[in-house]
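Pasted below: model27.cif, mmCIF, C-alpha atoms and all ligand atoms.
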```
data_input
#
loop_
_atom_site.label_atom_id
_atom_site.label_comp_id
_atom_site.auth_asym_id
_atom_site.auth_seq_id
_atom_site.Cartn_x
_atom_site.Cartn_y
_atom_site.Cartn_z
CA MET A 22 0.00 0.00 0.00
CA ARG A 23 1.05 3.59 -0.65
CA ILE A 24 -0.31 5.86 2.05
CA VAL A 25 0.02 9.52 2.94
CA LEU A 26 -0.52 10.55 6.55
CA VAL A 27 -1.68 14.11 7.08
CA GLY A 28 -2.54 16.10 10.21
CA PRO A 29 -1.44 19.14 12.21
CA PRO A 30 1.88 19.26 14.07
CA GLY A 31 1.59 17.09 17.17
CA ALA A 32 -1.43 15.13 15.89
CA GLY A 33 0.46 11.88 16.46
CA LYS A 34 1.52 11.17 12.87
CA GLY A 35 4.94 9.83 13.87
CA THR A 36 3.46 7.81 16.76
CA GLN A 37 0.79 6.21 14.55
CA ALA A 38 3.11 5.75 11.57
CA ALA A 39 5.40 3.52 13.61
CA PHE A 40 2.52 1.09 14.37
CA LEU A 41 0.81 1.32 10.99
CA ALA A 42 4.04 0.73 9.07
CA LYS A 43 4.71 -2.36 11.17
CA ASN A 44 1.16 -3.70 10.77
CA LEU A 45 1.21 -3.13 7.01
CA SER A 46 4.86 -4.21 6.50
CA ILE A 47 5.82 -1.02 4.69
CA PRO A 48 8.56 1.50 5.54
CA HIS A 49 7.70 4.66 7.49
CA ILE A 50 9.13 7.63 5.60
CA SER A 51 9.13 10.87 7.59
CA THR A 52 10.65 13.94 5.95
CA GLY A 53 10.93 15.56 9.41
CA ASP A 54 12.98 12.57 10.67
CA LEU A 55 15.12 12.62 7.50
CA PHE A 56 15.86 16.32 8.03
CA ARG A 57 16.64 15.74 11.75
CA ALA A 58 19.04 12.89 10.84
CA ASN A 59 20.80 15.31 8.46
CA ILE A 60 20.96 17.94 11.22
CA SER A 61 22.57 15.42 13.63
CA LYS A 62 25.14 14.49 10.99
CA GLN A 63 25.73 18.19 10.25
CA THR A 64 25.32 17.76 6.50
CA GLU A 65 24.81 20.75 4.16
CA LEU A 66 21.18 19.67 3.75
CA GLY A 67 20.83 19.53 7.55
CA LYS A 68 22.21 23.07 7.95
CA LEU A 69 19.84 24.41 5.32
CA ALA A 70 16.82 22.54 6.74
CA LYS A 71 17.53 23.67 10.31
CA SER A 72 17.36 27.34 9.34
CA TYR A 73 13.77 26.83 8.14
CA MET A 74 12.65 24.30 10.77
CA ASP A 75 13.74 26.52 13.66
CA ARG A 76 11.44 29.24 12.31
CA GLY A 77 8.57 26.78 11.79
CA GLU A 78 8.63 27.32 8.03
CA LEU A 79 8.69 24.73 5.26
CA VAL A 80 12.05 23.70 3.86
CA PRO A 81 12.13 24.69 0.12
CA ASP A 82 10.32 22.28 -2.20
CA GLU A 83 13.28 21.55 -4.43
CA VAL A 84 15.45 19.97 -1.73
CA THR A 85 12.50 18.36 0.07
CA ILE A 86 11.16 16.68 -3.07
CA ALA A 87 14.63 15.45 -4.07
CA MET A 88 15.20 13.97 -0.59
CA ALA A 89 11.76 12.29 -0.49
CA LYS A 90 12.20 10.89 -4.01
CA ASP A 91 15.59 9.48 -3.14
CA ARG A 92 14.12 7.74 -0.06
CA MET A 93 11.11 6.37 -1.99
CA GLU A 94 13.48 4.86 -4.55
CA GLN A 95 15.20 2.68 -1.95
CA PRO A 96 14.54 -1.07 -2.42
CA ASP A 97 12.49 -1.41 0.79
CA ALA A 98 9.90 1.04 -0.60
CA GLU A 99 9.32 -0.88 -3.82
CA ASN A 100 6.03 -2.42 -2.70
CA GLY A 101 4.67 0.49 -0.70
CA PHE A 102 5.36 3.12 1.93
CA LEU A 103 3.76 5.30 4.56
CA LEU A 104 4.60 8.95 4.02
CA ASP A 105 4.57 11.13 7.16
CA GLY A 106 5.03 14.88 6.68
CA PHE A 107 5.25 14.70 2.90
CA PRO A 108 3.64 16.13 0.80
CA ARG A 109 3.08 19.31 2.77
CA ASN A 110 1.78 21.69 0.09
CA VAL A 111 0.02 21.35 -3.26
CA SER A 112 3.20 21.59 -5.34
CA GLN A 113 4.76 18.69 -3.38
CA ALA A 114 1.51 16.71 -3.89
CA GLU A 115 1.69 17.37 -7.63
CA ALA A 116 5.36 16.33 -7.70
CA LEU A 117 4.49 13.10 -5.88
CA ASP A 118 1.69 12.36 -8.36
CA GLU A 119 4.10 12.89 -11.27
CA MET A 120 6.73 10.69 -9.61
CA LEU A 121 4.25 7.84 -9.07
CA LYS A 122 2.65 8.22 -12.50
CA SER A 123 6.02 7.90 -14.23
CA GLU A 124 6.45 4.53 -12.48
CA GLY A 125 2.87 3.43 -13.24
CA MET A 126 1.95 3.63 -9.55
CA LYS A 127 -0.64 5.52 -7.51
CA LEU A 128 -1.58 6.29 -3.92
CA ASP A 129 -4.07 4.01 -2.16
CA ALA A 130 -5.19 6.37 0.60
CA VAL A 131 -4.61 9.63 2.43
CA LEU A 132 -5.23 9.22 6.16
CA ASP A 133 -6.22 12.52 7.75
CA LEU A 134 -5.74 12.67 11.54
CA GLU A 135 -8.11 15.17 13.17
CA VAL A 136 -7.22 16.68 16.54
CA PRO A 137 -8.45 19.92 18.17
CA GLU A 138 -5.82 22.65 18.47
CA GLU A 139 -5.78 22.70 22.32
CA GLU A 140 -4.90 18.96 22.39
CA VAL A 141 -2.14 19.46 19.82
CA VAL A 142 -0.58 22.16 22.00
CA LYS A 143 -0.62 19.81 25.06
CA ARG A 144 0.91 16.96 23.03
CA ILE A 145 3.72 19.13 21.70
CA ALA A 146 4.48 20.82 25.04
CA GLY A 147 5.07 17.42 26.70
CA ARG A 148 6.86 15.69 23.83
CA ARG A 149 10.40 14.42 24.37
CA ILE A 150 12.46 12.74 21.65
CA CYS A 151 15.63 10.68 21.59
CA ARG A 152 19.03 12.15 20.64
CA ASN A 153 19.97 8.92 18.83
CA ASP A 154 16.80 8.59 16.75
CA SER A 155 14.03 11.18 16.45
CA SER A 156 11.48 8.45 15.71
CA HIS A 157 11.76 7.38 19.39
CA VAL A 158 9.01 9.64 20.73
CA PHE A 159 7.70 10.04 24.32
CA HIS A 160 5.43 12.36 26.28
CA VAL A 161 6.01 13.46 29.87
CA SER A 162 2.48 12.47 30.91
CA TYR A 163 0.82 10.54 28.05
CA LYS A 164 3.74 8.23 27.29
CA ALA A 165 6.30 8.66 30.01
CA PRO A 166 9.60 6.78 29.65
CA LYS A 167 10.35 4.23 32.39
CA GLN A 168 13.26 6.37 33.55
CA GLU A 169 12.93 10.14 33.31
CA GLY A 170 14.97 11.61 30.45
CA VAL A 171 16.09 8.21 29.10
CA CYS A 172 14.84 6.51 25.91
CA ASP A 173 13.15 3.13 26.56
CA VAL A 174 14.19 1.86 23.12
CA CYS A 175 17.92 2.59 23.04
CA GLY A 176 18.93 4.28 26.31
CA GLY A 177 19.61 7.59 24.53
CA GLU A 178 19.04 10.99 26.13
CA LEU A 179 15.58 12.50 25.70
CA TYR A 180 15.24 16.19 24.84
CA GLN A 181 12.70 18.74 23.65
CA ARG A 182 12.81 19.57 19.94
CA ASP A 183 14.13 23.07 19.10
CA ASP A 184 10.99 23.75 17.03
CA ASP A 185 8.64 22.83 19.90
CA SER A 186 8.85 26.30 21.53
CA GLU A 187 5.47 28.04 21.88
CA GLU A 188 6.29 30.69 19.28
CA THR A 189 7.49 28.19 16.66
CA VAL A 190 4.53 25.88 17.27
CA ARG A 191 2.19 28.82 16.57
CA LYS A 192 3.99 29.42 13.29
CA ARG A 193 3.91 25.68 12.38
CA LEU A 194 0.13 25.61 12.98
CA GLU A 195 -0.33 28.67 10.75
CA VAL A 196 1.77 27.03 8.02
CA TYR A 197 -0.32 23.86 8.38
CA HIS A 198 -3.60 25.75 7.89
CA THR A 199 -2.41 27.88 4.97
CA GLN A 200 -0.13 25.50 3.06
CA THR A 201 -0.81 21.89 4.10
CA GLU A 202 -4.61 21.77 4.61
CA PRO A 203 -5.24 22.56 0.91
CA ILE A 204 -3.75 19.15 0.02
CA ILE A 205 -6.74 17.52 1.76
CA ASP A 206 -9.08 19.05 -0.86
CA TYR A 207 -6.58 18.16 -3.58
CA TYR A 208 -6.74 14.49 -2.52
CA LYS A 209 -10.53 14.61 -1.84
CA ALA A 210 -10.93 15.42 -5.53
CA GLN A 211 -9.16 12.09 -6.19
CA GLY A 212 -11.43 10.27 -3.69
CA LEU A 213 -8.46 9.24 -1.53
CA VAL A 214 -9.14 10.88 1.85
CA VAL A 215 -10.19 8.93 4.94
CA THR A 216 -10.60 11.11 8.04
CA ILE A 217 -10.44 9.80 11.58
CA SER A 218 -10.39 11.33 15.04
CA ALA A 219 -6.90 11.05 16.56
CA LEU A 220 -8.21 11.65 20.10
CA GLY A 221 -7.98 8.92 22.71
CA LYS A 222 -5.48 6.19 23.46
CA VAL A 223 -2.66 5.56 20.97
CA GLU A 224 -3.79 1.95 20.40
CA ASP A 225 -7.40 3.02 19.80
CA VAL A 226 -6.26 5.54 17.18
CA THR A 227 -4.18 2.80 15.50
CA ALA A 228 -7.21 0.46 15.44
CA ARG A 229 -9.40 3.25 14.01
CA SER A 230 -6.75 3.99 11.36
CA MET A 231 -6.42 0.34 10.30
CA GLU A 232 -10.19 0.02 10.03
CA ALA A 233 -10.48 3.24 8.01
CA LEU A 234 -7.71 2.14 5.64
CA GLN A 235 -9.40 -1.21 5.06
CA ARG A 236 -12.74 0.54 4.52
CA GLY A 237 -11.10 2.96 2.07
CA GLU A 238 -9.71 0.17 -0.09
P1 LIG B 301 7.76 17.11 11.26
O1 LIG B 301 8.80 16.43 12.01
O2 LIG B 301 7.02 16.39 10.18
O3 LIG B 301 6.76 17.75 12.30
P2 LIG B 301 5.16 17.98 12.33
O4 LIG B 301 4.39 17.69 11.10
O5 LIG B 301 5.03 19.35 12.85
O6 LIG B 301 4.68 16.87 13.22
P3 LIG B 301 5.25 16.52 14.59
O7 LIG B 301 6.47 15.67 14.45
O8 LIG B 301 5.37 17.77 15.42
O9 LIG B 301 4.05 15.71 15.24
P4 LIG B 301 3.43 14.30 14.96
O10 LIG B 301 2.10 14.49 14.33
O11 LIG B 301 4.38 13.37 14.30
O12 LIG B 301 3.17 13.86 16.47
P5 LIG B 301 3.93 12.82 17.42
O13 LIG B 301 3.63 11.43 17.00
O14 LIG B 301 5.35 13.23 17.62
O15 LIG B 301 8.35 18.42 10.57
C1 LIG B 301 9.15 19.34 11.28
C2 LIG B 301 9.64 20.43 10.34
O16 LIG B 301 10.42 19.85 9.28
C3 LIG B 301 8.56 21.24 9.63
O17 LIG B 301 8.08 22.30 10.44
C4 LIG B 301 9.33 21.74 8.39
O18 LIG B 301 10.17 22.83 8.71
C5 LIG B 301 10.21 20.54 8.05
N1 LIG B 301 9.57 19.63 7.08
C6 LIG B 301 9.20 18.33 7.29
N2 LIG B 301 8.62 17.81 6.19
C7 LIG B 301 8.61 18.81 5.26
C8 LIG B 301 8.11 18.91 3.93
N3 LIG B 301 7.48 17.88 3.32
N4 LIG B 301 8.28 20.10 3.27
C9 LIG B 301 8.91 21.12 3.85
N5 LIG B 301 9.37 21.12 5.11
C10 LIG B 301 9.23 19.96 5.82
O19 LIG B 301 3.08 13.09 18.76
C11 LIG B 301 3.19 14.30 19.48
C12 LIG B 301 3.21 14.01 21.00
O20 LIG B 301 1.93 13.52 21.40
C13 LIG B 301 4.24 12.94 21.41
O21 LIG B 301 4.82 13.32 22.62
C14 LIG B 301 3.39 11.66 21.58
O22 LIG B 301 3.93 10.80 22.54
C15 LIG B 301 2.04 12.22 22.00
N6 LIG B 301 0.91 11.43 21.50
C16 LIG B 301 0.77 10.86 20.27
N7 LIG B 301 -0.42 10.24 20.17
C17 LIG B 301 -1.07 10.45 21.36
C18 LIG B 301 -2.36 10.06 21.88
N8 LIG B 301 -3.23 9.33 21.14
N9 LIG B 301 -2.66 10.43 23.12
C19 LIG B 301 -1.80 11.16 23.87
N10 LIG B 301 -0.58 11.55 23.44
C20 LIG B 301 -0.22 11.21 22.19
ZN ZN B 302 16.20 6.07 21.43
#
```

What is this file in structure tokens?
Amino acid sequence: MRIVLVGPPGAGKGTQAAFLAKNLSIPHISTGDLFRANISKQTELGKLAKSYMDRGELVPDEVTIAMAKDRMEQPDAENGFLLDGFPRNVSQAEALDEMLKSEGMKLDAVLDLEVPEEEVVKRIAGRRICRNDSSHVFHVSYKAPKQEGVCDVCGGELYQRDDDSEETVRKRLEVYHTQTEPIIDYYKAQGLVVTISALGKVEDVTARSMEALQRGE
């Protein structure tokens, strides 16, 4: 299956993607995680991306699309993938369509995670991620690590993301409404959107997502 996950910052895309990718045996491709890995390795791409991410703005399309394309062309993505955080505006969605069309492929579904803004703010304020791998995600009250400040998965140090400050989160939400939400209508026109509530326990949201994806088939 080829799936796009969409939802505001802090909706739980990364959290759900980890379970859904495992259940569906497809790789989880997160452009945010790919940028953060580049930042850790201090690559040129990482330096460029950080300057935009710290302001809560989108990284320019050209580099983002090239990075996503490169990842989607890896052998493990041949039979499907779960995209998290890409596409993030209509031009990225059009580029993805072109990319898939040229390979004779298409998307199966766009899973839209709905969460009220006040819940998103609580989720982001308490989020802690691992220095070794930004896909290891915790929350101080909703998903507390066994030992404070230490990753349950790999023992790495947990920290708060630089772009999780109140001011940057406000900007990221504004960017989501103005630039990312329009892709929902773009995909609705293709009959691909399945919307679910992302409120409640993590496992309940996963069950709801799996059911919606099966229904959408
Ligand atoms: P990215 O990393 O994609 O961030 P985002 O979309 O803002 O999403 P988040 O990672 O903040 O949240 P999430 O929905 O994954 O939630 P999570 O599972 O962590 O992008 C960051 C930046 O990179 C962008 O601002 C941009 O600059 C750049 N970028 C990335 N892609 C780009 C693109 N395509 N084009 C251009 N620029 C791009 O959950 C949040 C918290 O809630 C966690 O603590 C979690 O434990 C908790 N939680 C999750 N589910 C639940 C639940 N059901 N109940 C209670 N708590 C929960
Ligand atoms: Zn870790």

What do you get as a PDB file with C-alpha atoms, in the coordinates of the input if you pick all residues at most 6 Å from ligand LIG 301 (chain B), counting all atoms listed in the file?
```pdb
ATOM      1  CA  PRO A  30       1.880  19.260  14.070  1.00  0.00           C
ATOM      2  CA  GLY A  31       1.590  17.090  17.170  1.00  0.00           C
ATOM      3  CA  ALA A  32      -1.430  15.130  15.890  1.00  0.00           C
ATOM      4  CA  GLY A  33       0.460  11.880  16.460  1.00  0.00           C
ATOM      5  CA  LYS A  34       1.520  11.170  12.870  1.00  0.00           C
ATOM      6  CA  GLY A  35       4.940   9.830  13.870  1.00  0.00           C
ATOM      7  CA  THR A  36       3.460   7.810  16.760  1.00  0.00           C
ATOM      8  CA  THR A  52      10.650  13.940   5.950  1.00  0.00           C
ATOM      9  CA  GLY A  53      10.930  15.560   9.410  1.00  0.00           C
ATOM     10  CA  ASP A  54      12.980  12.570  10.670  1.00  0.00           C
ATOM     11  CA  TYR A  73      13.770  26.830   8.140  1.00  0.00           C
ATOM     12  CA  MET A  74      12.650  24.300  10.770  1.00  0.00           C
ATOM     13  CA  GLY A  77       8.570  26.780  11.790  1.00  0.00           C
ATOM     14  CA  GLU A  78       8.630  27.320   8.030  1.00  0.00           C
ATOM     15  CA  LEU A  79       8.690  24.730   5.260  1.00  0.00           C
ATOM     16  CA  VAL A  80      12.050  23.700   3.860  1.00  0.00           C
ATOM     17  CA  THR A  85      12.500  18.360   0.070  1.00  0.00           C
ATOM     18  CA  GLY A 106       5.030  14.880   6.680  1.00  0.00           C
ATOM     19  CA  PHE A 107       5.250  14.700   2.900  1.00  0.00           C
ATOM     20  CA  PRO A 108       3.640  16.130   0.800  1.00  0.00           C
ATOM     21  CA  ARG A 109       3.080  19.310   2.770  1.00  0.00           C
ATOM     22  CA  ARG A 144       0.910  16.960  23.030  1.00  0.00           C
ATOM     23  CA  ILE A 145       3.720  19.130  21.700  1.00  0.00           C
ATOM     24  CA  GLY A 147       5.070  17.420  26.700  1.00  0.00           C
ATOM     25  CA  ARG A 148       6.860  15.690  23.830  1.00  0.00           C
ATOM     26  CA  ARG A 149      10.400  14.420  24.370  1.00  0.00           C
ATOM     27  CA  VAL A 158       9.010   9.640  20.730  1.00  0.00           C
ATOM     28  CA  PHE A 159       7.700  10.040  24.320  1.00  0.00           C
ATOM     29  CA  HIS A 160       5.430  12.360  26.280  1.00  0.00           C
ATOM     30  CA  TYR A 163       0.820  10.540  28.050  1.00  0.00           C
ATOM     31  CA  LYS A 164       3.740   8.230  27.290  1.00  0.00           C
ATOM     32  CA  ARG A 193       3.910  25.680  12.380  1.00  0.00           C
ATOM     33  CA  LEU A 220      -8.210  11.650  20.100  1.00  0.00           C
ATOM     34  CA  GLY A 221      -7.980   8.920  22.710  1.00  0.00           C
ATOM     35  CA  LYS A 222      -5.480   6.190  23.460  1.00  0.00           C
ATOM     36  CA  VAL A 223      -2.660   5.560  20.970  1.00  0.00           C
TER      37      VAL A 223
END
```

*Quick one: residues within 12 Å of Ala87 (chain A), only C-alpha atoms counted, chain neighbours fewer than 2 positions away excluded, as JSON, numbers by chain?*
{"A": [52, 55, 66, 80, 81, 82, 83, 84, 85, 89, 90, 91, 92, 93, 94, 107, 113, 116, 117, 120]}

*Fewer than 6 positions away in the same chain doesn't count, so skip those; otherwise give me all residues within 9 Å of Glu202 (chain A), counting only C-alpha atoms, as a PyMOL selection string.*
chain A and resi 27-29+109-110+196

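Taking CA of Asp173 (chain A) and CA of Cys151 (chain A) as the two end points, the separation is 9.4 Å.
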
Please report as a Markdown table every residue of chain A lying within 7 Å of ligand ZN 302 (chain B), along with the nearest atom pair and their distance in Å (one decimal), using only C-alpha atoms and all ligand atoms.
```
| residue | atom | partner | partner_atom | distance |
| --- | --- | --- | --- | --- |
| A:Cys151 | CA | B:ZN302 | ZN | 4.6 |
| A:Arg152 | CA | B:ZN302 | ZN | 6.8 |
| A:Asn153 | CA | B:ZN302 | ZN | 5.4 |
| A:Asp154 | CA | B:ZN302 | ZN | 5.3 |
| A:His157 | CA | B:ZN302 | ZN | 5.1 |
| A:Cys172 | CA | B:ZN302 | ZN | 4.7 |
| A:Asp173 | CA | B:ZN302 | ZN | 6.7 |
| A:Val174 | CA | B:ZN302 | ZN | 5.0 |
| A:Cys175 | CA | B:ZN302 | ZN | 4.2 |
| A:Gly176 | CA | B:ZN302 | ZN | 5.9 |
| A:Gly177 | CA | B:ZN302 | ZN | 4.9 |
```

*In Å to one decimal, how far is CA of Lys43 (chain A) from CA of Ile24 (chain A)?*
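A separation of 13.3 Å between them.
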
*Using all atoms listed in the file, determine which residues lie at most 8 Å from Thr216 (chain A), disregarding the query and same-chain residues fewer than 6 positions distant; provide the list as a list of chain:residue names.*
A:Leu132, A:Asp133, A:Leu134, A:Glu135, A:Ala233
